[in-house]
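Asker: TSV, C-alpha atoms and all ligand atoms, file input-v3.tsv:
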```
chain	number	residue	atom	x	y	z
A	1	MET	CA	11.48	-20.73	12.94
A	2	PRO	CA	12.19	-18.05	10.32
A	3	ASN	CA	9.42	-17.45	7.80
A	4	GLU	CA	11.23	-17.68	4.47
A	5	ASN	CA	8.05	-16.52	2.73
A	6	MET	CA	7.62	-13.28	4.67
A	7	LYS	CA	7.33	-10.31	2.31
A	8	VAL	CA	8.17	-6.70	3.03
A	9	ILE	CA	6.01	-4.37	0.97
A	10	THR	CA	6.96	-0.71	1.09
A	11	VAL	CA	4.57	1.95	-0.16
A	12	MET	CA	6.55	4.99	-1.18
A	13	THR	CA	6.67	8.04	-3.41
A	14	ARG	CA	8.17	11.48	-3.13
A	15	LYS	CA	4.71	13.01	-3.34
A	16	GLY	CA	2.42	13.71	-0.39
A	17	GLY	CA	-1.26	12.99	-0.89
A	18	ALA	CA	-0.70	10.33	-3.57
A	19	GLY	CA	-2.69	7.66	-1.75
A	20	LYS	CA	0.07	5.87	0.19
A	21	THR	CA	-1.82	5.59	3.44
A	22	MET	CA	-5.12	4.69	1.78
A	23	LEU	CA	-3.39	2.00	-0.30
A	24	THR	CA	-1.44	0.61	2.65
A	25	ARG	CA	-4.65	0.27	4.64
A	26	ALA	CA	-6.50	-1.41	1.75
A	27	LEU	CA	-3.66	-3.86	1.04
A	28	THR	CA	-3.42	-4.75	4.72
A	29	SER	CA	-7.16	-5.38	4.82
A	30	ALA	CA	-6.89	-7.51	1.65
A	31	ALA	CA	-4.14	-9.65	3.20
A	32	MET	CA	-5.85	-9.97	6.59
A	33	SER	CA	-9.10	-11.05	4.96
A	34	GLN	CA	-7.13	-13.88	3.34
A	35	GLY	CA	-5.94	-14.99	6.76
A	36	LYS	CA	-2.48	-13.44	6.50
A	37	LYS	CA	-0.78	-12.00	9.53
A	38	CYS	CA	0.29	-8.41	8.93
A	39	LEU	CA	2.70	-6.06	10.64
A	40	VAL	CA	2.37	-2.44	9.59
A	41	LEU	CA	5.30	-0.11	10.15
A	42	ASP	CA	4.32	3.53	10.04
A	43	ALA	CA	7.33	5.56	8.95
A	44	ASP	CA	5.42	8.77	8.28
A	45	PRO	CA	6.21	11.34	11.01
A	46	GLN	CA	2.54	12.35	10.90
A	47	GLN	CA	1.63	8.76	11.89
A	48	ALA	CA	-1.74	8.83	10.15
A	49	LEU	CA	-2.12	5.05	10.09
A	50	PHE	CA	-0.78	4.50	13.60
A	51	ARG	CA	-3.13	7.12	15.02
A	52	TRP	CA	-6.02	5.65	13.02
A	53	ALA	CA	-5.45	2.18	14.48
A	54	LYS	CA	-5.17	3.55	18.03
A	55	LYS	CA	-8.20	5.78	17.71
A	56	LEU	CA	-10.39	2.94	16.42
A	57	GLU	CA	-8.82	0.58	18.96
A	58	ILE	CA	-8.23	-2.04	16.33
A	59	SER	CA	-7.46	-5.30	17.99
A	60	ASP	CA	-7.00	-8.29	15.71
A	61	PRO	CA	-4.72	-11.34	15.91
A	62	ASN	CA	-3.79	-10.75	12.26
A	63	PHE	CA	-2.75	-7.15	12.79
A	64	SER	CA	-0.15	-5.15	14.60
A	65	ILE	CA	1.17	-1.67	13.97
A	66	GLU	CA	4.31	0.07	15.14
A	67	GLN	CA	5.92	3.43	14.66
A	68	LEU	CA	9.15	3.48	12.73
A	69	THR	CA	11.56	6.35	13.13
A	70	THR	CA	14.93	5.29	11.75
A	71	PRO	CA	16.26	3.16	8.88
A	72	GLU	CA	18.26	1.14	11.42
A	73	ALA	CA	15.07	0.27	13.25
A	74	PHE	CA	13.55	-0.88	9.95
A	75	GLU	CA	16.32	-3.36	9.33
A	76	ALA	CA	16.22	-4.61	12.91
A	77	ARG	CA	12.43	-4.96	13.02
A	78	THR	CA	12.07	-6.79	9.70
A	79	GLU	CA	14.91	-9.11	10.68
A	80	GLU	CA	13.24	-9.81	14.02
A	81	ALA	CA	9.85	-10.48	12.37
A	82	TRP	CA	11.50	-12.81	9.88
A	83	GLU	CA	13.23	-14.78	12.63
A	84	GLU	CA	10.16	-14.91	14.84
A	85	GLY	CA	8.35	-16.40	11.86
A	86	SER	CA	4.64	-15.71	12.38
A	87	ILE	CA	4.29	-12.58	10.22
A	88	ASP	CA	3.32	-13.08	6.55
A	89	TYR	CA	3.48	-9.48	5.35
A	90	VAL	CA	5.19	-6.37	6.61
A	91	PHE	CA	3.66	-3.24	5.10
A	92	VAL	CA	5.55	0.02	5.38
A	93	ASP	CA	3.73	3.33	5.01
A	94	THR	CA	6.19	6.11	4.39
A	95	LEU	CA	6.43	9.85	4.28
A	96	GLY	CA	5.88	12.05	1.25
A	97	ALA	CA	9.41	13.30	0.80
A	98	ALA	CA	11.49	10.15	0.36
A	99	GLY	CA	15.16	10.89	-0.26
A	100	ALA	CA	17.52	9.99	2.55
A	101	TRP	CA	15.37	7.08	3.64
A	102	ALA	CA	14.68	5.70	0.20
A	103	ASP	CA	17.87	3.66	-0.29
A	104	ASP	CA	17.51	2.05	3.14
A	105	LEU	CA	13.87	1.21	2.56
A	106	ALA	CA	14.80	-0.41	-0.75
A	107	ALA	CA	17.60	-2.43	0.85
A	108	PHE	CA	15.22	-4.32	3.17
A	109	SER	CA	12.05	-4.51	1.08
A	110	ASP	CA	10.85	-7.18	-1.34
A	111	VAL	CA	8.52	-4.88	-3.24
A	112	LEU	CA	8.26	-1.13	-3.69
A	113	VAL	CA	4.76	0.08	-4.43
A	114	VAL	CA	4.37	3.60	-5.74
A	115	PRO	CA	0.86	5.03	-5.87
A	116	MET	CA	0.25	7.70	-8.46
A	117	MET	CA	-2.86	9.79	-8.95
A	118	LEU	CA	-3.73	10.94	-12.45
A	119	SER	CA	-2.26	14.42	-12.26
A	120	ASN	CA	0.71	16.07	-13.97
A	121	ASP	CA	2.46	16.56	-10.64
A	122	ASP	CA	2.10	12.92	-9.73
A	123	LEU	CA	3.34	11.81	-13.15
A	124	GLU	CA	6.49	13.93	-12.85
A	125	ILE	CA	7.23	12.85	-9.32
A	126	THR	CA	6.67	9.21	-10.20
A	127	GLN	CA	9.09	9.59	-13.10
A	128	ASP	CA	11.59	11.00	-10.58
A	129	THR	CA	10.96	8.10	-8.22
A	130	TYR	CA	11.50	5.61	-11.05
A	131	GLY	CA	14.67	7.52	-12.00
A	132	TRP	CA	15.93	7.08	-8.44
A	133	TYR	CA	15.18	3.33	-8.64
A	134	ARG	CA	16.99	2.87	-11.95
A	135	ASP	CA	19.92	4.86	-10.61
A	136	LEU	CA	19.96	2.61	-7.56
A	137	ARG	CA	20.21	-0.43	-9.86
A	138	GLN	CA	23.28	1.16	-11.41
A	139	ARG	CA	24.85	2.00	-8.06
A	140	THR	CA	24.25	-1.28	-6.28
A	141	GLU	CA	26.61	-4.23	-6.37
A	142	ASP	CA	23.86	-6.84	-6.53
A	143	PRO	CA	20.88	-5.48	-8.49
A	144	GLU	CA	19.19	-8.93	-8.32
A	145	ASN	CA	18.61	-8.31	-4.63
A	146	LEU	CA	16.78	-5.04	-5.17
A	147	PRO	CA	13.02	-5.07	-4.64
A	148	ALA	CA	10.61	-5.10	-7.55
A	149	PHE	CA	9.17	-1.70	-8.47
A	150	HIS	CA	5.46	-1.28	-9.23
A	151	VAL	CA	3.38	1.81	-9.81
A	152	VAL	CA	-0.29	1.60	-8.83
A	153	LEU	CA	-2.55	4.21	-10.39
A	154	SER	CA	-4.53	5.49	-7.42
A	155	SER	CA	-7.84	7.16	-6.74
A	156	VAL	CA	-8.71	6.52	-10.40
A	157	PRO	CA	-12.19	7.81	-11.23
A	158	ALA	CA	-14.64	5.28	-12.69
A	159	ARG	CA	-14.91	7.57	-15.70
A	160	MET	CA	-11.64	9.12	-16.72
A	161	ASN	CA	-11.70	12.39	-18.64
A	162	LYS	CA	-9.46	13.04	-21.64
A	163	THR	CA	-6.59	14.46	-19.59
A	164	GLU	CA	-6.70	11.54	-17.17
A	165	LYS	CA	-6.65	9.06	-20.05
A	166	GLU	CA	-3.61	10.81	-21.50
A	167	LEU	CA	-1.85	10.68	-18.14
A	168	GLU	CA	-2.69	6.97	-17.91
A	169	VAL	CA	-1.05	6.36	-21.30
A	170	GLN	CA	2.03	8.38	-20.34
A	171	ALA	CA	2.33	6.51	-17.07
A	172	VAL	CA	2.16	3.11	-18.75
A	173	GLN	CA	4.86	4.22	-21.21
A	174	SER	CA	7.13	5.65	-18.50
A	175	PHE	CA	7.39	2.94	-15.81
A	176	PRO	CA	5.96	-0.46	-14.78
A	177	VAL	CA	2.28	0.05	-13.94
A	178	ILE	CA	0.30	-2.87	-12.56
A	179	GLU	CA	-2.83	-3.97	-14.34
A	180	ASN	CA	-5.34	-3.38	-11.55
A	181	TYR	CA	-5.98	0.18	-10.46
A	182	PHE	CA	-6.79	1.48	-7.01
A	183	MET	CA	-10.09	3.09	-7.92
A	184	GLU	CA	-11.56	6.14	-6.27
A	185	ARG	CA	-14.17	4.74	-3.90
A	186	LYS	CA	-16.20	6.11	-1.05
A	187	GLN	CA	-15.55	2.81	0.74
A	188	HIS	CA	-11.88	3.72	1.18
A	189	LYS	CA	-12.86	6.98	2.83
A	190	ASP	CA	-15.22	5.03	5.08
A	191	ALA	CA	-12.32	2.77	5.97
A	192	ALA	CA	-10.29	5.87	6.88
A	193	SER	CA	-12.92	6.86	9.42
A	194	GLN	CA	-14.47	3.54	10.49
A	195	GLY	CA	-12.10	0.60	10.11
A	196	PHE	CA	-10.70	-1.99	7.72
A	197	LEU	CA	-12.70	-2.71	4.56
A	198	HIS	CA	-13.27	-6.34	5.50
A	199	TYR	CA	-14.68	-5.27	8.87
A	200	LEU	CA	-17.07	-2.87	7.15
A	201	ALA	CA	-18.16	-5.52	4.64
A	202	GLU	CA	-18.97	-7.88	7.53
A	203	ASP	CA	-20.70	-5.16	9.50
A	204	ARG	CA	-22.96	-4.27	6.57
A	205	ARG	CA	-23.68	-7.91	5.79
A	206	ASN	CA	-24.96	-8.47	9.32
A	207	ASN	CA	-26.74	-5.14	9.63
A	208	GLU	CA	-30.34	-4.98	10.86
A	209	VAL	CA	-31.11	-2.38	8.23
A	210	ALA	CA	-31.90	-4.04	4.89
A	211	LEU	CA	-30.59	-1.10	2.86
A	212	LEU	CA	-27.22	-1.24	4.60
A	213	ARG	CA	-27.00	-4.99	3.93
A	214	THR	CA	-27.11	-4.22	0.20
A	215	HIS	CA	-24.00	-2.03	0.69
A	216	ALA	CA	-21.91	-5.01	1.74
A	217	LYS	CA	-21.11	-5.80	-1.89
A	218	LEU	CA	-19.54	-2.36	-2.38
A	219	TYR	CA	-17.05	-3.10	0.39
A	220	ASP	CA	-16.51	-6.58	-1.04
A	221	GLU	CA	-15.73	-5.05	-4.44
A	222	ALA	CA	-13.23	-2.63	-2.93
A	223	LEU	CA	-11.66	-5.53	-1.04
A	224	GLU	CA	-11.47	-7.76	-4.12
A	225	GLU	CA	-9.78	-4.94	-5.99
A	226	ALA	CA	-7.19	-4.59	-3.22
A	227	GLN	CA	-6.65	-8.38	-3.27
A	228	ALA	CA	-6.04	-8.21	-7.03
A	229	ILE	CA	-3.51	-5.39	-6.55
A	230	LEU	CA	-1.76	-7.39	-3.83
A	231	LYS	CA	-1.57	-10.38	-6.15
A	232	ASP	CA	-0.14	-8.21	-8.94
A	233	ILE	CA	2.57	-6.69	-6.76
A	234	LEU	CA	3.59	-10.05	-5.29
A	235	GLY	CA	3.60	-11.68	-8.70
A	236	GLY	CA	7.32	-11.75	-9.23
A	237	VAL	CA	8.57	-12.20	-5.66
B	301	LIG	N1	-8.77	4.95	-3.64
B	301	LIG	C1	-9.20	6.12	-3.13
B	301	LIG	N2	-10.54	6.40	-3.11
B	301	LIG	C2	-10.97	7.56	-2.61
B	301	LIG	N3	-10.18	8.54	-2.13
B	301	LIG	C3	-8.85	8.33	-2.12
B	301	LIG	C4	-8.29	7.12	-2.62
B	301	LIG	N4	-6.95	7.19	-2.50
B	301	LIG	C5	-6.69	8.39	-1.95
B	301	LIG	N5	-7.82	9.09	-1.73
B	301	LIG	C6	-7.94	10.48	-1.19
B	301	LIG	O1	-6.66	11.11	-1.24
B	301	LIG	C7	-6.30	11.59	0.05
B	301	LIG	C8	-4.80	11.41	0.25
B	301	LIG	O2	-4.51	10.05	0.35
B	301	LIG	P1	-3.41	9.52	1.39
B	301	LIG	O3	-3.46	8.04	1.34
B	301	LIG	O4	-3.58	10.16	2.71
B	301	LIG	O5	-2.08	10.05	0.69
B	301	LIG	P2	-0.56	9.98	1.23
B	301	LIG	O6	-0.50	8.97	2.32
B	301	LIG	O7	0.23	9.60	0.02
B	301	LIG	O8	-0.21	11.36	1.69
B	301	LIG	C9	-7.15	10.80	1.02
B	301	LIG	O9	-7.41	11.51	2.18
B	301	LIG	C10	-8.40	10.54	0.24
B	301	LIG	O10	-9.28	11.63	0.37
B	302	MG	MG	0.19	9.11	4.25
```
Write out the structure in this file as structure tokens.
Answerer:
Amino acid sequence: MPNENMKVITVMTRKGGAGKTMLTRALTSAAMSQGKKCLVLDADPQQALFRWAKKLEISDPNFSIEQLTTPEAFEARTEEAWEEGSIDYVFVDTLGAAGAWADDLAAFSDVLVVPMMLSNDDLEITQDTYGWYRDLRQRTEDPENLPAFHVVLSSVPARMNKTEKELEVQAVQSFPVIENYFMERKQHKDAASQGFLHYLAEDRRNNEVALLRTHAKLYDEALEEAQAILKDILGGV
């Protein structure tokens, strides 16, 4: 039976190194830890997430990952997942230079998530990306069917300097920024080398070494933050 509640969440921006892959991984972990079944489609030709999952031999009933090479395949795969009915969330990790793909990704997504680091470059490119989205609203026949657009400030330092605070203000004034930020955390880098955040939290919790057990809460915090971001981006859909 089709899953009417399945959501397609596409992480995109024209910028490379903005935190797309890190955010996709964290959001997937957040959803899985809440018992949701996730399909990740890796549309980045570099296949960072796909290679990560293969290298770590991640095997989990709530997780599957596939390579995605064409917009046509995206439509077909999301349609198939919807009809099959067991997937709750499809996450799409994309390439840095959007462009040709962007319209097709938008056509079959429920939410567009745009990570932005606090740099001038990222601000400009995010403004461009938002410009593309607004232009798409103008061009399309049924703007109600377009996905929601959310910017997530990413790799935000716990203590922002003056420039970063100014960029934060400019971002909030320029496009829709969700309330929870994707903070800069060592735990996300650990996830990039060791496995999903919720696995690492469990691993530390059950560790023989007392000191490592105390680290479990750091992974829990990172996970809770990702859950809050997921809730924010799904708010309106
Ligand atoms: N929340 C975060 N905490 C710590 N480091 C981060 C975070 N987000 C991104 N990074 C750093 O930024 C780099 C680029 O992020 P990545 O997700 O690979 O970007 P993209 O997929 O957009 O090219 C990562 O390798 C990591 O070092
Ligand atoms: Mg990437």
Asker: Counting all atoms listed in the file, which residues come within 9 Å of (-13.4, 1.7, -2.1), with the point read in the file's coordinates, and could you list them as a VMD selection string?
Answerer: chain A and resid 26 182 to 191 197 218 to 223 225 to 226
Asker: Determine the nearest neighbour of Glu141 in chain A from the options A:Ile87, A:Val156, A:Val113, A:Ala107, counting all atoms listed in the file.
Answerer: A:Ala107
Asker: Within 7 Å of ligand MG 302 (chain B) (counting only C-alpha atoms and all ligand atoms), which residues show up? I'd like them as a PyMOL selection string.
Answerer: chain A and resi 16-17+19-21+44+48+93-95
Asker: When you draw a straight line from CA of Arg137 in chain A to CA of Leu230 in chain A, how long is it in Å?
Answerer: 23.8 Å
Asker: Work out how far CA of Val114 in chain A is from CA of Phe91 in chain A, in Å to one decimal.
Answerer: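 It comes out at 12.8 Å.
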Asker: Nearest residue to ligand LIG 301 (chain B) out of A:Arg14, A:Arg205, A:Arg51, A:Lys7, using only C-alpha atoms and all ligand atoms?
Answerer: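 Of all the options, A:Arg14 lies closest to ligand LIG 301 (chain B).
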Asker: I'd like to know which of A:Asp103, A:Glu83, A:Glu168, A:Asp122 is closest to ligand LIG 301 (chain B), using all atoms listed in the file.
Answerer: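 Using all atoms listed in the file, ligand LIG 301 (chain B) sits closest to A:Asp122.
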Asker: Got a sec: who's within 7 Å of Leu112 in chain A, counting all atoms listed in the file, leaving out chain neighbours fewer than 4 positions off, as a PyMOL selection string?
Answerer: chain A and resi 9-12+147-150
Asker: So, counting all atoms listed in the file, which residue among A:Asp42, A:Asp232, A:Glu144, A:Glu164 is closest to ligand LIG 301 (chain B)?
Answerer: A:Asp42
Asker: So, counting all atoms listed in the file, which residue among A:Ala216, A:Val40, A:Val152, A:Leu146 is closest to Ala228 in chain A?
Answerer: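 Looking only at the distances to Ala228 in chain A, the closest residue turns out to be A:Val152.
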Asker: Could you please determine the separation between CA of Met6 in chain A and CA of Ile58 in chain A in Å, to one decimal place?
Answerer: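 These atoms are spaced 22.7 Å apart.
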Asker: I'd like the contact shell of Gln227 in chain A - 12 Å cut-off, all atoms listed in the file, skipping same-chain residues fewer than 5 positions apart - returned as a list in words.
Answerer: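 Residues meeting the cut-off are Leu23, Thr24, Arg25, Ala26, Leu27, Thr28, Ser29, Ala30, Ala31, Met32, Ser33, Gln34, Lys36, Asn180, Tyr181, Phe182, Leu197, His198, Asp220, Glu221, Ala222, Asp232, Ile233 and Leu234 of chain A.
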Asker: Please list as a PyMOL selection string every residue within 12 Å of Thr70 in chain A, counting only C-alpha atoms and excluding residues in the same chain fewer than 5 positions away.
Answerer: chain A and resi 41-45+75-77+94+100-102+104-105
Asker: Can you give me all heavy atoms for range 50-61 of chain A, written as a PDB file, in the frame of the given file?
Answerer:
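Below is the file that was written, out.pdb:
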```pdb
ATOM      1  N   PHE A  50      -0.961   4.899  12.205  1.00  0.00           N
ATOM      2  CA  PHE A  50      -0.780   4.500  13.600  1.00  0.00           C
ATOM      3  C   PHE A  50      -1.880   5.131  14.463  1.00  0.00           C
ATOM      4  O   PHE A  50      -2.520   4.456  15.273  1.00  0.00           O
ATOM      5  CB  PHE A  50       0.610   4.921  14.088  1.00  0.00           C
ATOM      6  CG  PHE A  50       0.938   4.463  15.473  1.00  0.00           C
ATOM      7  CD1 PHE A  50       1.369   3.169  15.697  1.00  0.00           C
ATOM      8  CD2 PHE A  50       0.809   5.321  16.560  1.00  0.00           C
ATOM      9  CE1 PHE A  50       1.671   2.720  16.985  1.00  0.00           C
ATOM     10  CE2 PHE A  50       1.109   4.895  17.848  1.00  0.00           C
ATOM     11  CZ  PHE A  50       1.538   3.594  18.058  1.00  0.00           C
ATOM     12  N   ARG A  51      -2.107   6.413  14.231  1.00  0.00           N
ATOM     13  CA  ARG A  51      -3.130   7.120  15.020  1.00  0.00           C
ATOM     14  C   ARG A  51      -4.522   6.576  14.712  1.00  0.00           C
ATOM     15  O   ARG A  51      -5.361   6.433  15.602  1.00  0.00           O
ATOM     16  CB  ARG A  51      -3.051   8.631  14.773  1.00  0.00           C
ATOM     17  CG  ARG A  51      -1.870   9.261  15.520  1.00  0.00           C
ATOM     18  CD  ARG A  51      -1.853  10.774  15.475  1.00  0.00           C
ATOM     19  NE  ARG A  51      -1.399  11.275  14.188  1.00  0.00           N
ATOM     20  CZ  ARG A  51      -2.148  11.949  13.338  1.00  0.00           C
ATOM     21  NH1 ARG A  51      -3.407  12.221  13.630  1.00  0.00           N
ATOM     22  NH2 ARG A  51      -1.653  12.364  12.195  1.00  0.00           N
ATOM     23  N   TRP A  52      -4.735   6.245  13.440  1.00  0.00           N
ATOM     24  CA  TRP A  52      -6.020   5.650  13.020  1.00  0.00           C
ATOM     25  C   TRP A  52      -6.278   4.351  13.792  1.00  0.00           C
ATOM     26  O   TRP A  52      -7.356   4.142  14.346  1.00  0.00           O
ATOM     27  CB  TRP A  52      -5.966   5.421  11.508  1.00  0.00           C
ATOM     28  CG  TRP A  52      -7.065   4.597  10.920  1.00  0.00           C
ATOM     29  CD1 TRP A  52      -8.307   5.046  10.528  1.00  0.00           C
ATOM     30  CD2 TRP A  52      -7.037   3.193  10.614  1.00  0.00           C
ATOM     31  NE1 TRP A  52      -9.038   4.002  10.009  1.00  0.00           N
ATOM     32  CE2 TRP A  52      -8.281   2.853  10.056  1.00  0.00           C
ATOM     33  CE3 TRP A  52      -6.069   2.193  10.772  1.00  0.00           C
ATOM     34  CZ2 TRP A  52      -8.599   1.559   9.636  1.00  0.00           C
ATOM     35  CZ3 TRP A  52      -6.380   0.901  10.363  1.00  0.00           C
ATOM     36  CH2 TRP A  52      -7.629   0.597   9.803  1.00  0.00           C
ATOM     37  N   ALA A  53      -5.290   3.483  13.827  1.00  0.00           N
ATOM     38  CA  ALA A  53      -5.450   2.180  14.480  1.00  0.00           C
ATOM     39  C   ALA A  53      -5.687   2.341  15.990  1.00  0.00           C
ATOM     40  O   ALA A  53      -6.472   1.605  16.592  1.00  0.00           O
ATOM     41  CB  ALA A  53      -4.229   1.306  14.223  1.00  0.00           C
ATOM     42  N   LYS A  54      -5.000   3.321  16.585  1.00  0.00           N
ATOM     43  CA  LYS A  54      -5.170   3.550  18.030  1.00  0.00           C
ATOM     44  C   LYS A  54      -6.540   4.130  18.313  1.00  0.00           C
ATOM     45  O   LYS A  54      -7.223   3.715  19.237  1.00  0.00           O
ATOM     46  CB  LYS A  54      -4.084   4.501  18.564  1.00  0.00           C
ATOM     47  CG  LYS A  54      -2.684   3.947  18.493  1.00  0.00           C
ATOM     48  CD  LYS A  54      -2.517   2.680  19.328  1.00  0.00           C
ATOM     49  CE  LYS A  54      -1.414   1.805  18.720  1.00  0.00           C
ATOM     50  NZ  LYS A  54      -1.474   0.407  19.090  1.00  0.00           N
ATOM     51  N   LYS A  55      -6.930   5.106  17.489  1.00  0.00           N
ATOM     52  CA  LYS A  55      -8.200   5.780  17.710  1.00  0.00           C
ATOM     53  C   LYS A  55      -9.371   4.797  17.603  1.00  0.00           C
ATOM     54  O   LYS A  55     -10.301   4.826  18.405  1.00  0.00           O
ATOM     55  CB  LYS A  55      -8.367   6.903  16.675  1.00  0.00           C
ATOM     56  CG  LYS A  55      -9.598   7.749  16.882  1.00  0.00           C
ATOM     57  CD  LYS A  55      -9.593   8.984  15.982  1.00  0.00           C
ATOM     58  CE  LYS A  55     -10.933   9.701  16.101  1.00  0.00           C
ATOM     59  NZ  LYS A  55     -11.518  10.010  14.799  1.00  0.00           N
ATOM     60  N   LEU A  56      -9.307   3.913  16.615  1.00  0.00           N
ATOM     61  CA  LEU A  56     -10.390   2.940  16.420  1.00  0.00           C
ATOM     62  C   LEU A  56     -10.202   1.694  17.283  1.00  0.00           C
ATOM     63  O   LEU A  56     -10.993   0.765  17.220  1.00  0.00           O
ATOM     64  CB  LEU A  56     -10.500   2.555  14.936  1.00  0.00           C
ATOM     65  CG  LEU A  56     -10.887   3.692  13.985  1.00  0.00           C
ATOM     66  CD1 LEU A  56     -10.883   3.219  12.545  1.00  0.00           C
ATOM     67  CD2 LEU A  56     -12.258   4.271  14.341  1.00  0.00           C
ATOM     68  N   GLU A  57      -9.124   1.705  18.058  1.00  0.00           N
ATOM     69  CA  GLU A  57      -8.820   0.580  18.960  1.00  0.00           C
ATOM     70  C   GLU A  57      -8.880  -0.754  18.237  1.00  0.00           C
ATOM     71  O   GLU A  57      -9.538  -1.691  18.694  1.00  0.00           O
ATOM     72  CB  GLU A  57      -9.780   0.612  20.164  1.00  0.00           C
ATOM     73  CG  GLU A  57      -9.614   1.875  20.993  1.00  0.00           C
ATOM     74  CD  GLU A  57     -10.580   1.942  22.186  1.00  0.00           C
ATOM     75  OE1 GLU A  57     -11.406   1.027  22.319  1.00  0.00           O
ATOM     76  OE2 GLU A  57     -10.484   2.913  22.953  1.00  0.00           O
ATOM     77  N   ILE A  58      -8.214  -0.808  17.102  1.00  0.00           N
ATOM     78  CA  ILE A  58      -8.230  -2.040  16.330  1.00  0.00           C
ATOM     79  C   ILE A  58      -7.427  -3.109  17.046  1.00  0.00           C
ATOM     80  O   ILE A  58      -6.270  -2.906  17.401  1.00  0.00           O
ATOM     81  CB  ILE A  58      -7.708  -1.786  14.905  1.00  0.00           C
ATOM     82  CG1 ILE A  58      -8.713  -0.869  14.215  1.00  0.00           C
ATOM     83  CG2 ILE A  58      -7.515  -3.103  14.152  1.00  0.00           C
ATOM     84  CD1 ILE A  58      -8.479  -0.574  12.797  1.00  0.00           C
ATOM     85  N   SER A  59      -8.102  -4.204  17.289  1.00  0.00           N
ATOM     86  CA  SER A  59      -7.460  -5.300  17.990  1.00  0.00           C
ATOM     87  C   SER A  59      -7.790  -6.583  17.229  1.00  0.00           C
ATOM     88  O   SER A  59      -8.945  -6.977  17.125  1.00  0.00           O
ATOM     89  CB  SER A  59      -8.005  -5.344  19.424  1.00  0.00           C
ATOM     90  OG  SER A  59      -7.773  -6.607  19.981  1.00  0.00           O
ATOM     91  N   ASP A  60      -6.768  -7.177  16.629  1.00  0.00           N
ATOM     92  CA  ASP A  60      -7.000  -8.290  15.710  1.00  0.00           C
ATOM     93  C   ASP A  60      -5.736  -9.157  15.725  1.00  0.00           C
ATOM     94  O   ASP A  60      -4.625  -8.624  15.605  1.00  0.00           O
ATOM     95  CB  ASP A  60      -7.239  -7.701  14.301  1.00  0.00           C
ATOM     96  CG  ASP A  60      -7.759  -8.715  13.313  1.00  0.00           C
ATOM     97  OD1 ASP A  60      -7.142  -9.798  13.181  1.00  0.00           O
ATOM     98  OD2 ASP A  60      -8.784  -8.423  12.657  1.00  0.00           O
ATOM     99  N   PRO A  61      -5.909 -10.478  15.869  1.00  0.00           N
ATOM    100  CA  PRO A  61      -4.720 -11.340  15.910  1.00  0.00           C
ATOM    101  C   PRO A  61      -3.890 -11.269  14.632  1.00  0.00           C
ATOM    102  O   PRO A  61      -2.700 -11.588  14.645  1.00  0.00           O
ATOM    103  CB  PRO A  61      -5.289 -12.749  16.116  1.00  0.00           C
ATOM    104  CG  PRO A  61      -6.744 -12.638  15.795  1.00  0.00           C
ATOM    105  CD  PRO A  61      -7.157 -11.235  16.053  1.00  0.00           C
TER     106      PRO A  61
END
```
